[in-house]
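S.K.: The structure that follows is given in the form of structure tokens.
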Amino acid sequence: MTETFAQLPEELKLATSAHVKYIQSLDTRKDEYDYWLTEHLRLNGLYWGLTALHLLGHPEALPRAETIDFVLSCQHENGGFGAAPGHDAHMLSTVSAVQILATVDAFDELEARGKGKAQVGKYIAGLQNRQTGTFAGDEWGEEDTRFLYGAFNALSLLGLLHLVDVDKAVDHVAACANFDGGYGVSPGAESHSGQIFTCVAALTIAGRQDLIDKERLGRWLSERQVAAGGLNGRPEKKEDVCYSWWVLSSLEMIGKTHWIDRDKLISFILSSQDTEKGGISDRPGDMVDVWHTVFGVAGLSLLNYPGLEPVDEVYCMPKSTTARILGR
Amino acid sequence: MAEQGASHGIARTSRVRSEEQRQKDLERIDKYRELEDQVRQHAAEGGFSRELFALTSKLLRLNPEYYTVWNVRRRCLISGLFSKQSHGSSCSKESWNTSRCATTTTSSVESSSCSSTEIQPSPASPTAGKSGTTADEGDKEAAAKQDVELIKSELLFTIPLLLESPKCYWIWSYRLWVLNQAIERLQAPAARRIWEEELGLASKMLSKDRRNFHAWGYRRHVVARLESSDLGGGSMVEAEFEYTERMFRTDLSNFSALHNRSQLIPRLLDERGATAAQRKAFLDKELNMIRDALNVGPEDQSLWYYHRFLVLNLVTTVGRPTITPAFTREDRVSYLTREIEEVKDLLEDYEDIKLIYEALVDYTLYLCQLEERKPIGEEREDLVTWVKKLEELDPMRNGRWADLERDQELTELLPGGQ
Ligand SMILES: [Zn+2]
């Protein structure tokens with residue numbers, strides 16, 4: 001790939017500066033109805049945009065001080081974060097907040113001006129179901145392995161994983177495994193790429209990869225690549241840039257990335273770009289959004305596409321960040 | 001992991017708006033934000049009133065992803081609209097989260113208790129009770145009736161939203177919360193009637209999208225609750241097993257249906273008290289069903305996954321329930337050998353389908369594993385040929401085939417080897 005890079009057509013080169021501009025423009029779209037309809041994802045969106053920018057090598061493209069101010073303005077007394085000021089606290093936005101603060105190296109600001117690390121840890125730990133080990137998304141009780149992974153991700157970054165019952169949580173993840181090597185949203189549920197990512201990453205954080213059937217899982221994951229080069233989320237589904245990331249990062253975690261065609265996947269992600277106005281979509285020709293932009297860029301980074309900062313496949317954050325905090 | 005923010009399958013169009021369109025957008029934004037402000041103001045004042053409740057309906061119809069507003073709606077119900085009595089068993093294991101959140105939320109709600117008369121439960125009419133019952137019982141009955149009505153109207157409220165946004169997590173989770181309220185607040189028979197209707201919804205959603213992940217998970221959840229003692233239920237495993245068959249017959253490549261089927265089998269056989277002979281007959285029937293399907297659709301991954309599930313029942317016997325636990329090793333070997341022969345027969349009609357070769361390789365290695373030996377003689381030559389075929393038909397996964405050759409020591413027979 002690298003050698004033939006210079007001869008590639010424009011749409012098969014990474015449009016870095018267009019993507020940077022696109023991400024910068026996201027918070028200036030207040031005259032668009034969609035901007036307001038998606039406020040419940042503002043903090044998540046900030047994490048997606050910020051991470052993409054760091055991986056693209058433009059960490060300065062979003063102002064650091066404003067970023068920190070905004071994150072802290074979303075925090076509740078109980079330590080949890082809402083998606084934006086005035087939104088209820090939720091696991092997903094809390095994890096995004098921790099990831100953002102980690103990336104911009106601002107845990108000290110959380111101590112000084114926010115409610116502090118300990119309070120965040122307490123909020124997350126309070127969402128564990130101590131009977132089954134799994135986690136709820138918020139006080140209203142929806143449970144999902146996405147939240148379990150989120151809890152492990154944020155707590156490990158905060159150095160507070162001991163606040164929860166890791167063994168119980170691990171048992172729960174193991175119970176979500178299927179005969180095909182994959183994992184579902186809860187015990188008995190069908191294997192699904194997104195859920196596989198959360199389960200494999202949670203087991204990796206817990207140091208329990210020994211519980212994974214890597215042969216079977218690797219097979220299932222590698223079968224997700226379709227002729228167009230992209231990967232799908234489940235058998236007989238369409239390929240998609242975001243699923244490509246979950247499958248790819250899971251393959252990387254179990255050491256089987258070479259079981260798919262990396263060049264074809266690179267081409268698929270690149271051809272899903274809007275090279276003119278920036279951003280990446282689910283597949284070529286569709287509407288771009290920041291969600292597919294970050295997972296597209298992260299995928300390219302994991303595939304060693306030239307010019308990108310290395311990504312941590314477990315945390316979906318710059319490797320420099322997880323190296324600084326966790327020594328990974 | 002919050003898919004809601006992403007656009008899927010929407011064609012890229014030019015982002016240029018005319019000035020007129022822009023003005024229209026601005027008007028929509030103003031209306032939306034005004035509504036949002038009203039909701040926030042009311043909620044901040046702590047008055048979880050009928051008025052606020054109505055406002056949440058309006059806002060959620062515009063934006064069902066607004067999770068905070070779903071929460072406001074829950075608080076309205078808990079702190080005013082539901083009757084104050086609980087009829088159900090609120091300490092059941094499954095409702096752990098629900099009961100916990102009830103205690104966390106009341107603290108913030110109690111202090112701002114409803115002052116407006118509008119939000120008080122409609123006072124039970126003194127004549128509401130059956131003749132002969134005390135006034136207190138009459139009150140209870142009226143309150144229960146009110147709760148039933150409220151729960152039903154909440155369930156109705158979410159239907160058009162679900163049909164429009166079938167993948168929105170927040171709507172599904174709100175709906176489940178409402179259903180759990182039925183268990184907490186109603187007598188078991190009344191709660192059961194409400195839950196029974198949910199199966200209909202799950203079926204309806206699945207007939208619209210046979211693979212909808214949420215709908216399948218939802219169906220499993222609903223069935224588990226209907227089977228639980230909370231709702232005075234019994235096993236539904238036979239009916240559910242039949243349902244997966246119906247779904248499979250309408251669409252052979254419905255992996256979700258086959259997955260659910262695989263999950264039901266151990267329980268089904270246990271509950272039938274199946275004898276060794278019945279279990280063997282069951283396995284034969286399943287193998288025949290899937291083989292018939294493979295004969296017409298050998299390129300279908302879903303069918304192969306199910307076939308593999310059945311085959312693995314012959315191989316891995318440790319740690320998971322199997323269909324035929326009484327099988328001796330000889331039985332297993334003979335079944336597996338027959339399956340391999342059947343798959344080989346497919347090659348006569350279909351030469352270039354990689355899934356066939358993949359199955360042949362895997363099943364042959366399973367056979368070796370079962371007999372605790374390495375591939376030998378002709379078998380080994382077959383493996384070499386099949387792996388070569390896989391490399392030819394499926395070069396995208398060449399890394400995997402290379403690992404396979406290395407691990408099974410198949411390389412030296414390939415061209416260039418020796
Ligand atoms: Zn996607």
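By convention here, the chains of the structure tokens are called A, B, ... in the order presented, each chain's residues are numbered starting at 1, and ligands are numbered starting at 1 in the order presented.
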At a cut-off of 8 Å, which residues of chain A touch chain B? Count only C-alpha atoms and give the answer as a PyMOL selection string.
M.R.: chain A and resi 31-33+36-38+40-41+86-88+92+129+139-142+146+179-180+188-190+194+222+235-236+258-261+281-283+285-292
S.K.: Identify, with DSSP run on backbone atoms, the residues in segment 94-248 of chain A assigned to strand (DSSP E or B), and express the list as a PyMOL selection string.
M.R.: chain A and resi 128+135-136+143+177+183+225+231-232+239
S.K.: Go ahead and dump the residues you just picked, N, CA and C atoms, as a PDB file, in the first residue's frame.
M.R.:
```pdb
ATOM      1  N   GLN A 128     -22.914  -0.587  38.806  1.00  0.00           N
ATOM      2  CA  GLN A 128     -22.731  -2.035  38.643  1.00  0.00           C
ATOM      3  C   GLN A 128     -23.835  -2.795  39.375  1.00  0.00           C
ATOM      4  N   PHE A 135     -23.364  -3.856  34.081  1.00  0.00           N
ATOM      5  CA  PHE A 135     -23.567  -2.449  34.403  1.00  0.00           C
ATOM      6  C   PHE A 135     -24.805  -1.883  33.718  1.00  0.00           C
ATOM      7  N   ALA A 136     -25.418  -0.925  34.401  1.00  0.00           N
ATOM      8  CA  ALA A 136     -26.528  -0.181  33.806  1.00  0.00           C
ATOM      9  C   ALA A 136     -25.984   1.108  33.206  1.00  0.00           C
ATOM     10  N   GLU A 143     -29.435  -2.440  31.000  1.00  0.00           N
ATOM     11  CA  GLU A 143     -28.128  -3.086  31.125  1.00  0.00           C
ATOM     12  C   GLU A 143     -27.636  -3.602  29.778  1.00  0.00           C
ATOM     13  N   ALA A 177     -20.719 -15.249  25.860  1.00  0.00           N
ATOM     14  CA  ALA A 177     -20.042 -15.888  24.731  1.00  0.00           C
ATOM     15  C   ALA A 177     -20.956 -16.886  24.033  1.00  0.00           C
ATOM     16  N   TYR A 183     -19.650 -12.688  20.962  1.00  0.00           N
ATOM     17  CA  TYR A 183     -20.358 -12.282  22.170  1.00  0.00           C
ATOM     18  C   TYR A 183     -21.609 -11.495  21.801  1.00  0.00           C
ATOM     19  N   GLN A 225     -15.486  -9.555   6.564  1.00  0.00           N
ATOM     20  CA  GLN A 225     -15.043  -8.769   5.407  1.00  0.00           C
ATOM     21  C   GLN A 225     -15.771  -9.233   4.148  1.00  0.00           C
ATOM     22  N   LEU A 231     -16.135  -4.219   6.298  1.00  0.00           N
ATOM     23  CA  LEU A 231     -16.560  -5.298   7.186  1.00  0.00           C
ATOM     24  C   LEU A 231     -17.992  -5.021   7.655  1.00  0.00           C
ATOM     25  N   ASN A 232     -18.752  -6.102   7.858  1.00  0.00           N
ATOM     26  CA  ASN A 232     -20.118  -5.914   8.361  1.00  0.00           C
ATOM     27  C   ASN A 232     -20.205  -6.297   9.836  1.00  0.00           C
ATOM     28  N   GLU A 239     -21.649  -3.958   4.610  1.00  0.00           N
ATOM     29  CA  GLU A 239     -20.414  -3.458   5.205  1.00  0.00           C
ATOM     30  C   GLU A 239     -20.593  -2.012   5.668  1.00  0.00           C
TER      31      GLU A 239
END
```
S.K.: So how far away is atom CA of Asn44 of chain A from atom CA of Val170 of chain A, in Å?
M.R.: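 So the answer is 25.6 Å.
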S.K.: Counting only C-alpha atoms and all ligand atoms, what are the residues of chain A within 6 Å of ligand 1, and for each of them which pair of atoms is the nearest and at what distance in Å, to one decimal? Sort the table by chain and rising number, as a Markdown table.
M.R.:
```
| residue | atom | partner | partner_atom_place_in_ligand_line | distance |
| --- | --- | --- | --- | --- |
| A:Asp240 | CA | ligand 1 | 1 (Zn) | 5.1 |
| A:Val241 | CA | ligand 1 | 1 (Zn) | 5.6 |
| A:Cys242 | CA | ligand 1 | 1 (Zn) | 4.2 |
| A:Tyr243 | CA | ligand 1 | 1 (Zn) | 6.0 |
| A:Asp282 | CA | ligand 1 | 1 (Zn) | 4.8 |
```
S.K.: How far is it from atom CA of Gly233 of chain B to atom CA of His172 of chain A, in Å with one decimal?
M.R.: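 Between these atoms lies a distance of 25.7 Å.
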S.K.: Residues near Glu339 of chain B, anyone? I mean within 10 Å using only C-alpha atoms, not counting same-chain ones fewer than 3 positions away, as a PyMOL selection string.
M.R.: chain B and resi 287+291+307+311+333-336+342-345+359-360+363-364
S.K.: To one decimal place in Å, what is the distance between atom CA of Arg42 of chain A and atom CA of Cys74 of chain A?
M.R.: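 Distance between the two atoms: 9.9 Å.
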S.K.: Which parts of segment 105-311 of chain B does DSSP call helix (DSSP H, G or I) when run on the backbone here, written out as a PyMOL selection string?
M.R.: chain B and resi 105-110+117-119+135-164+169-185+188-208+213-227+229-231+237-250+255-272+276-296+301-311
S.K.: With distances taken over only C-alpha atoms, which of A:Lys238, A:Lys264, A:His54, A:Lys30 is nearest to Ser320 of chain A?
M.R.: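 So, comparing all the options, the nearest one is A:His54.
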S.K.: Pick out the closest residue to Leu302 of chain A from this set: A:Gly327, A:Gly80, A:Leu55, A:Tyr123. Count only C-alpha atoms.
M.R.: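 Among the listed residues, the smallest separation from Leu302 of chain A belongs to A:Leu55.
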S.K.: Considering only C-alpha atoms, return as an MDAnalysis selection string whatever protein or nucleic-acid residues lie within 8 Å of Ala154 of chain A, sequence-local ones (same chain, fewer than 3 positions apart) excluded.
M.R.: chainID A and resid 95 98:99 150:151 157:158
S.K.: Quick one: everything within 9 Å of Thr67 of chain A, counting only C-alpha atoms, minus sequence neighbours fewer than 3 positions away in the same chain. Send it as number ranges by chain.
M.R.: A: 46, 62-64, 70-72, 100-101, 104
S.K.: Might you pull out every residue within 12 Å of Leu383 of chain B, with only C-alpha atoms counted and same-chain residues fewer than 6 positions away left off, and present them as an NGL selection string?
M.R.: :B and (357-365 or 368 or 374-377 or 389-390 or 401 or 404-405 or 408-411 or 413-414)
S.K.: Restricting it to C-alpha atoms, dump the selection as a PDB file, in the first residue's frame.
M.R.:
```
ATOM      1  CA  TYR B 357     -14.315 -26.193   1.585  1.00  0.00           C
ATOM      2  CA  GLU B 358     -14.114 -24.387   4.875  1.00  0.00           C
ATOM      3  CA  ALA B 359     -16.611 -26.792   6.435  1.00  0.00           C
ATOM      4  CA  LEU B 360     -14.728 -29.764   5.010  1.00  0.00           C
ATOM      5  CA  VAL B 361     -11.450 -28.590   6.475  1.00  0.00           C
ATOM      6  CA  ASP B 362     -12.934 -27.813   9.874  1.00  0.00           C
ATOM      7  CA  TYR B 363     -15.003 -30.949  10.184  1.00  0.00           C
ATOM      8  CA  THR B 364     -12.093 -33.123   9.159  1.00  0.00           C
ATOM      9  CA  LEU B 365      -9.953 -31.511  11.826  1.00  0.00           C
ATOM     10  CA  CYS B 368      -9.050 -35.912  14.072  1.00  0.00           C
ATOM     11  CA  LYS B 374      -3.288 -36.191  13.234  1.00  0.00           C
ATOM     12  CA  PRO B 375      -4.672 -36.134   9.676  1.00  0.00           C
ATOM     13  CA  ILE B 376      -3.428 -39.175   7.797  1.00  0.00           C
ATOM     14  CA  GLY B 377      -3.042 -40.449   4.228  1.00  0.00           C
ATOM     15  CA  LYS B 389      -8.986 -24.189  -3.050  1.00  0.00           C
ATOM     16  CA  LEU B 390      -9.714 -21.802  -0.179  1.00  0.00           C
ATOM     17  CA  TRP B 401      -5.263 -20.050   5.395  1.00  0.00           C
ATOM     18  CA  LEU B 404      -3.986 -23.085   9.022  1.00  0.00           C
ATOM     19  CA  GLU B 405      -1.307 -24.630   6.807  1.00  0.00           C
ATOM     20  CA  GLN B 408      -1.692 -28.322  10.623  1.00  0.00           C
ATOM     21  CA  GLU B 409       1.666 -28.804   8.925  1.00  0.00           C
ATOM     22  CA  LEU B 410       0.075 -28.896   5.486  1.00  0.00           C
ATOM     23  CA  THR B 411       2.612 -26.749   3.686  1.00  0.00           C
ATOM     24  CA  LEU B 413       2.770 -30.824  -0.022  1.00  0.00           C
ATOM     25  CA  LEU B 414       1.943 -27.534  -1.704  1.00  0.00           C
TER      26      LEU B 414
END
```
S.K.: Leu53 of chain A: which residues within 10 Å, counting only C-alpha atoms, same-chain residues fewer than 5 positions away excluded, as a VMD selection string?
M.R.: chain A and resid 16 19 to 21 23 to 24 47 to 48 58 to 62 293 to 294 297 308 to 309 318
